[in-house]
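A.B. asks: Questions regarding the structure given below will be posed in turn.
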Amino acid sequence: VLLVRNKKEFHALGSKCPHYGAPLSKGVLRGERLRCPWHGACFNIRTGDIEEYPALDCISCFKVTVEDGKVFITAKKKVLTLPAVTEHRQHLGLGMTSAFCILFQDLESSLRVKDTSRRCLLNHNTMLLLGGGVAALVCAETLRQEGFTGRIIMATKEKHVPYDKSKLSKEMHLKAEDVYLRKPEFLEAQGIEFWTEKEAVSVDFQKQKVHFMDGSSQKYHQLLIATGSHSGFLKVPGADLQNVCTLQTPEDSSKILELATGKNLVIVGASFIGTRLETAEKSQAARLPAPVWDTNGSSILPAAWSSSRAACLGFGWVQLPFQMLQNKGVKFHMKTELCELKGKDGKVTEAVLGNGEKLPADVVVVGIGSTPSSAFLKGTSMARDDKGAILVDLHMQTNIPNIFAAGDVAAFPVALLDGDRSSIHHQQVAEAHGRFAALNMLKRGKELHTVPFFWTTLLGKSIRYAGCGKGYTDTVVKGSLEQQKFLIFYIRDGHVTAAASLNCDPMVSLIAEVLYLGKQITKEEAE
């Protein structure tokens, strides 16, 4: 239990963040908001309700009394397990609500599922959500939490319920079921229909109907497009050879892990997914006997990559992940490009670079950026940018009535960019989009208010990033890049617009909270 004193009031809460179990005692408290030190999730200390993502659930709250200068916390030691509660409610013919579960809240769990409304068959309104990621998931759950009793349909071309995509490159040995964010039973209990392998191919704006690849169609009253993004495709000879892979699904992760065992692996591009993939494979090497796992890793960086990535994160900071991986035996081929993939018997065997160098390649993983998955809207009146991202306002509303967009597929006004639209492919941002889309599908008139928060793990080191550093002109560095303990402030127009850190928790969470509150940090204050 975490005991919080705010002015003269005491509050008792679950001590761990429901996301990855971070100790909230090391977080940041501002007013009645408690922010997780690791990934920036925020909770209200009065209610335990979640106010910022990436966590999906609330934290527990316990009764606090003060008598004779002593603080007492009241909670039950042990509870009925959730399945038992569910079965009990179903036996009574009642729909399960989290409010009932709270009656049995115990000291062993920091997690609390928020209260939800129940599906009412008399309500014929249909909310159709295209996409099976976190944006659509949070939208669906928020609709129920905010009292919507009509029909909610999530339709995705994937085979799985929403899952934690960050683990595909970090913990490649896990099964798909191990990374599910919600089990199918949970969605069913919430009255959320989940359609798998259901890909949208067109939308009839006039009839408010979506057509799917299998020939079926579905009408809607409100539509959310949260179809995400997909990996960029190689456009070189040999790109269609076997064992040339992208990493997008649990199946891709398992396949790459299996194919790369004892083989020569080439990663095209140096995105964070690519560096995490190299890290995951090296970490596997430490756990498996050398004869079983002996991957030789190479990463090819396009000539334009260094300048573009440095423009966002700063040149010195960009070099750090490379140095860490080089120390573990990963070879980087800088400022060159892949010209051709050669193969034998239909399988890739060699990667040919622009400088003539040839790399042995039993497996090639492509990580060269991503493209919004909005091709099914091509030729329509839906407003999109030159990359295909759907343009939305702060209500997540598109230019078409009753249609909203969220997540990677959307370009939205970013406060830290003075309202300019941008597409930010972060889990936390997608979840925030989903919540505000749901609120405005319910006509609540709520404007998006969030600070982008990104994290990754590299060789056991956790890197945090908050804000939006696009267009920064200066940096202030605290600590040492060489010693892998630092905090970097990104400055634009004399003020901090983003921060990144390694081994400096909870500083990025603190800066995120300051930016969230609309306060400015000057360069002088950062120094």
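Chains: A, B, ... in order of the structure tokens. Residues: from 1 per chain. Ligands: from 1, in order shown.
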Neighbouring residues of region 44-49 of chain A were defined as those with any atom within 6 Å, considering only C-alpha atoms; residues of the same chain fewer than 3 positions away were excluded. Please report them as a list in words.
C.D. replies: Glu32, Arg33, Cys58, Ile59, Ser60 and Cys61 of chain A
A.B. asks: Keeping only N, CA, C and O atoms, write those residues as a CSV table (one decimal), in the first residue's frame.
C.D. replies:
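What landed in result-v1.csv:
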```csv
chain,number,residue,atom,x,y,z
A,32,GLU,N,-3.3,16.4,-7.2
A,32,GLU,CA,-3.9,15.1,-7.0
A,32,GLU,C,-3.6,14.1,-8.0
A,32,GLU,O,-4.3,13.1,-8.1
A,33,ARG,N,-2.6,14.4,-8.8
A,33,ARG,CA,-2.1,13.4,-9.9
A,33,ARG,C,-0.8,12.8,-9.5
A,33,ARG,O,0.2,13.4,-9.1
A,58,CYS,N,-7.1,1.1,-13.4
A,58,CYS,CA,-6.9,2.1,-12.2
A,58,CYS,C,-6.1,1.4,-11.1
A,58,CYS,O,-5.8,0.2,-11.2
A,59,ILE,N,-5.8,2.1,-10.1
A,59,ILE,CA,-5.1,1.5,-8.9
A,59,ILE,C,-6.1,1.5,-7.8
A,59,ILE,O,-7.1,2.3,-7.8
A,60,SER,N,-5.9,0.6,-6.9
A,60,SER,CA,-6.8,0.4,-5.7
A,60,SER,C,-6.8,1.6,-4.8
A,60,SER,O,-5.8,2.3,-4.7
A,61,CYS,N,-7.9,1.9,-4.2
A,61,CYS,CA,-8.0,2.9,-3.1
A,61,CYS,C,-8.5,2.2,-1.8
A,61,CYS,O,-9.4,1.3,-1.9
```
A.B. asks: Enumerate the residues of region 320-500 of chain A with a DSSP assignment of strand (DSSP E or B), computed from the backbone, and present them as a PyMOL selection string.
C.D. replies: chain A and resi 331-333+338-344+347-353+358-360+363-366+370-372+384+390-391+397+403-405+410-413+421-422+453-458+461-467+474-480+485-492+495-500
A.B. asks: Applying 10 Å and only C-alpha atoms, which residues near Asp385 (chain A) remain after dropping the ones on its own chain fewer than 4 positions away? List them as a PyMOL selection string.
C.D. replies: chain A and resi 389-391+410-411+421-423
A.B. asks: Emit the selected residues as a PDB file, in the first residue's frame, including all heavy atoms.
C.D. replies:
```
ATOM      1  N   ALA A 389      -1.736   9.781 -43.526  1.00  0.00           N
ATOM      2  CA  ALA A 389      -2.335   9.888 -42.189  1.00  0.00           C
ATOM      3  C   ALA A 389      -3.622  10.709 -42.270  1.00  0.00           C
ATOM      4  O   ALA A 389      -3.697  11.722 -42.975  1.00  0.00           O
ATOM      5  CB  ALA A 389      -1.362  10.544 -41.219  1.00  0.00           C
ATOM      6  N   ILE A 390      -4.651  10.271 -41.546  1.00  0.00           N
ATOM      7  CA  ILE A 390      -5.940  10.939 -41.551  1.00  0.00           C
ATOM      8  C   ILE A 390      -5.870  12.190 -40.684  1.00  0.00           C
ATOM      9  O   ILE A 390      -5.428  12.140 -39.530  1.00  0.00           O
ATOM     10  CB  ILE A 390      -7.035  10.000 -41.017  1.00  0.00           C
ATOM     11  CG1 ILE A 390      -7.126   8.744 -41.888  1.00  0.00           C
ATOM     12  CG2 ILE A 390      -8.378  10.698 -40.968  1.00  0.00           C
ATOM     13  CD1 ILE A 390      -8.015   7.657 -41.303  1.00  0.00           C
ATOM     14  N   LEU A 391      -6.314  13.318 -41.213  1.00  0.00           N
ATOM     15  CA  LEU A 391      -6.258  14.578 -40.481  1.00  0.00           C
ATOM     16  C   LEU A 391      -7.438  14.675 -39.524  1.00  0.00           C
ATOM     17  O   LEU A 391      -8.593  14.495 -39.928  1.00  0.00           O
ATOM     18  CB  LEU A 391      -6.279  15.759 -41.452  1.00  0.00           C
ATOM     19  CG  LEU A 391      -5.148  15.802 -42.494  1.00  0.00           C
ATOM     20  CD1 LEU A 391      -5.304  17.028 -43.390  1.00  0.00           C
ATOM     21  CD2 LEU A 391      -3.788  15.804 -41.819  1.00  0.00           C
ATOM     22  N   ALA A 410      -3.590   8.476 -37.524  1.00  0.00           N
ATOM     23  CA  ALA A 410      -4.086   9.856 -37.422  1.00  0.00           C
ATOM     24  C   ALA A 410      -2.956  10.870 -37.303  1.00  0.00           C
ATOM     25  O   ALA A 410      -1.943  10.621 -36.650  1.00  0.00           O
ATOM     26  CB  ALA A 410      -5.012   9.980 -36.210  1.00  0.00           C
ATOM     27  N   ALA A 411      -3.151  12.021 -37.923  1.00  0.00           N
ATOM     28  CA  ALA A 411      -2.280  13.190 -37.729  1.00  0.00           C
ATOM     29  C   ALA A 411      -3.101  14.226 -36.975  1.00  0.00           C
ATOM     30  O   ALA A 411      -4.159  14.653 -37.453  1.00  0.00           O
ATOM     31  CB  ALA A 411      -1.798  13.736 -39.065  1.00  0.00           C
ATOM     32  N   ARG A 421      -0.113  19.788 -37.047  1.00  0.00           N
ATOM     33  CA  ARG A 421      -0.474  18.376 -37.034  1.00  0.00           C
ATOM     34  C   ARG A 421       0.743  17.484 -37.256  1.00  0.00           C
ATOM     35  O   ARG A 421       1.623  17.796 -38.049  1.00  0.00           O
ATOM     36  CB  ARG A 421      -1.514  18.073 -38.113  1.00  0.00           C
ATOM     37  CG  ARG A 421      -2.924  18.539 -37.761  1.00  0.00           C
ATOM     38  CD  ARG A 421      -3.905  17.973 -38.780  1.00  0.00           C
ATOM     39  NE  ARG A 421      -5.287  18.301 -38.457  1.00  0.00           N
ATOM     40  CZ  ARG A 421      -5.947  19.311 -38.968  1.00  0.00           C
ATOM     41  NH1 ARG A 421      -5.331  20.123 -39.818  1.00  0.00           N
ATOM     42  NH2 ARG A 421      -7.206  19.531 -38.651  1.00  0.00           N
ATOM     43  N   SER A 422       0.746  16.373 -36.553  1.00  0.00           N
ATOM     44  CA  SER A 422       1.813  15.378 -36.707  1.00  0.00           C
ATOM     45  C   SER A 422       1.252  14.021 -36.361  1.00  0.00           C
ATOM     46  O   SER A 422       0.256  13.906 -35.635  1.00  0.00           O
ATOM     47  CB  SER A 422       3.006  15.719 -35.800  1.00  0.00           C
ATOM     48  OG  SER A 422       4.075  14.812 -36.025  1.00  0.00           O
ATOM     49  N   SER A 423       1.876  12.989 -36.873  1.00  0.00           N
ATOM     50  CA  SER A 423       1.507  11.617 -36.541  1.00  0.00           C
ATOM     51  C   SER A 423       2.588  11.049 -35.630  1.00  0.00           C
ATOM     52  O   SER A 423       3.758  10.971 -36.013  1.00  0.00           O
ATOM     53  CB  SER A 423       1.392  10.782 -37.826  1.00  0.00           C
ATOM     54  OG  SER A 423       0.968   9.472 -37.536  1.00  0.00           O
TER      55      SER A 423
END
```
A.B. asks: Quick one: distance from CA of Ser169 (chain A) to CA of Val266 (chain A) in Å, one decimal?
C.D. replies: 15.1 Å
A.B. asks: Can you work out which one of A:Ala75, A:Ile192, A:Val64, A:Val113 has the shortest atom-to-atom distance to Cys139 (chain A), counting only C-alpha atoms?
C.D. replies: A:Ile192
A.B. asks: So how far away is CA of His124 (chain A) from CA of Gly150 (chain A), in Å?
C.D. replies: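 Atom-to-atom, CA of Gly150 (chain A) and CA of His124 (chain A) are spaced 5.8 Å apart.
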A.B. asks: Counting only C-alpha atoms, what is within 12 Å of Gly31 (chain A), bar same-chain residues fewer than 3 positions away, as a list in words?
C.D. replies: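 Non-adjacent residues within range: Val4, Arg5, Asn6, Lys7, Glu9, Val28, Leu34, Arg35, Cys42, Phe43, Asn44, Ile45, Arg46, Glu513, Val514 and Leu517 of chain A.
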A.B. asks: Keeping only N, CA, C and O atoms, write the selected residues as a JSON list (two decimals), in the first residue's frame.
C.D. replies:
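Saved file part.json follows:
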```
[["chain", "number", "residue", "atom", "x", "y", "z"],
["A", 4, "VAL", "N", -0.18, 8.36, 0.76],
["A", 4, "VAL", "CA", 0.15, 9.67, 0.20],
["A", 4, "VAL", "C", -0.44, 10.76, 1.08],
["A", 4, "VAL", "O", -1.63, 10.71, 1.44],
["A", 5, "ARG", "N", 0.39, 11.73, 1.42],
["A", 5, "ARG", "CA", -0.10, 12.89, 2.14],
["A", 5, "ARG", "C", -0.10, 14.08, 1.20],
["A", 5, "ARG", "O", 0.95, 14.49, 0.68],
["A", 6, "ASN", "N", -1.28, 14.63, 0.96],
["A", 6, "ASN", "CA", -1.42, 15.79, 0.10],
["A", 6, "ASN", "C", -2.03, 16.92, 0.94],
["A", 6, "ASN", "O", -3.21, 16.88, 1.28],
["A", 7, "LYS", "N", -1.19, 17.88, 1.29],
["A", 7, "LYS", "CA", -1.56, 18.94, 2.24],
["A", 7, "LYS", "C", -1.92, 18.28, 3.58],
["A", 7, "LYS", "O", -1.09, 17.66, 4.20],
["A", 9, "GLU", "N", -4.43, 15.97, 3.90],
["A", 9, "GLU", "CA", -5.21, 14.76, 3.65],
["A", 9, "GLU", "C", -4.31, 13.57, 3.36],
["A", 9, "GLU", "O", -3.24, 13.70, 2.76],
["A", 28, "VAL", "N", 5.96, 10.77, -9.43],
["A", 28, "VAL", "CA", 5.88, 12.23, -9.31],
["A", 28, "VAL", "C", 4.46, 12.61, -8.89],
["A", 28, "VAL", "O", 3.49, 12.21, -9.53],
["A", 34, "LEU", "N", -0.77, 11.45, -9.54],
["A", 34, "LEU", "CA", 0.44, 10.68, -9.27],
["A", 34, "LEU", "C", 0.89, 10.04, -10.58],
["A", 34, "LEU", "O", 0.14, 9.28, -11.20],
["A", 35, "ARG", "N", 2.11, 10.36, -11.01],
["A", 35, "ARG", "CA", 2.61, 9.88, -12.31],
["A", 35, "ARG", "C", 3.65, 8.79, -12.10],
["A", 35, "ARG", "O", 4.58, 8.95, -11.31],
["A", 42, "CYS", "N", -0.72, 8.12, -15.24],
["A", 42, "CYS", "CA", -1.12, 9.00, -14.14],
["A", 42, "CYS", "C", -2.40, 8.51, -13.49],
["A", 42, "CYS", "O", -3.30, 7.99, -14.16],
["A", 43, "PHE", "N", -2.48, 8.71, -12.17],
["A", 43, "PHE", "CA", -3.63, 8.26, -11.40],
["A", 43, "PHE", "C", -4.09, 9.36, -10.45],
["A", 43, "PHE", "O", -3.26, 10.10, -9.90],
["A", 44, "ASN", "N", -5.38, 9.44, -10.24],
["A", 44, "ASN", "CA", -5.95, 10.38, -9.28],
["A", 44, "ASN", "C", -5.82, 9.79, -7.88],
["A", 44, "ASN", "O", -6.29, 8.67, -7.64],
["A", 45, "ILE", "N", -5.21, 10.51, -6.97],
["A", 45, "ILE", "CA", -4.95, 9.93, -5.65],
["A", 45, "ILE", "C", -6.22, 9.85, -4.80],
["A", 45, "ILE", "O", -6.24, 9.11, -3.80],
["A", 46, "ARG", "N", -7.27, 10.56, -5.16],
["A", 46, "ARG", "CA", -8.53, 10.46, -4.42],
["A", 46, "ARG", "C", -9.31, 9.20, -4.81],
["A", 46, "ARG", "O", -9.90, 8.53, -3.97],
["A", 513, "GLU", "N", 5.02, 15.96, -16.58],
["A", 513, "GLU", "CA", 3.93, 16.53, -15.79],
["A", 513, "GLU", "C", 3.95, 18.06, -15.85],
["A", 513, "GLU", "O", 2.90, 18.70, -15.92],
["A", 514, "VAL", "N", 5.14, 18.64, -15.82],
["A", 514, "VAL", "CA", 5.25, 20.10, -15.93],
["A", 514, "VAL", "C", 4.70, 20.56, -17.28],
["A", 514, "VAL", "O", 3.93, 21.54, -17.36],
["A", 517, "LEU", "N", 0.90, 20.40, -17.44],
["A", 517, "LEU", "CA", 0.25, 21.49, -16.73],
["A", 517, "LEU", "C", 0.34, 22.82, -17.48],
["A", 517, "LEU", "O", -0.17, 23.84, -17.01]]
```
A.B. asks: Neighbouring residues of Val244 (chain A) were defined as those with any atom within 8 Å, considering only C-alpha atoms; residues of the same chain fewer than 5 positions away were excluded. Please report them as a ChimeraX atom specification.
C.D. replies: /A:239,348,363-366
A.B. asks: Identify, on the basis of only C-alpha atoms, every residue whose closest approach to Cys245 (chain A) does not exceed 10 Å; exclude the query and any residue fewer than 2 positions from it along the same chain; express the result as a PyMOL selection string.
C.D. replies: chain A and resi 233+239-243+247-248+252-253+255-256+267+363-367
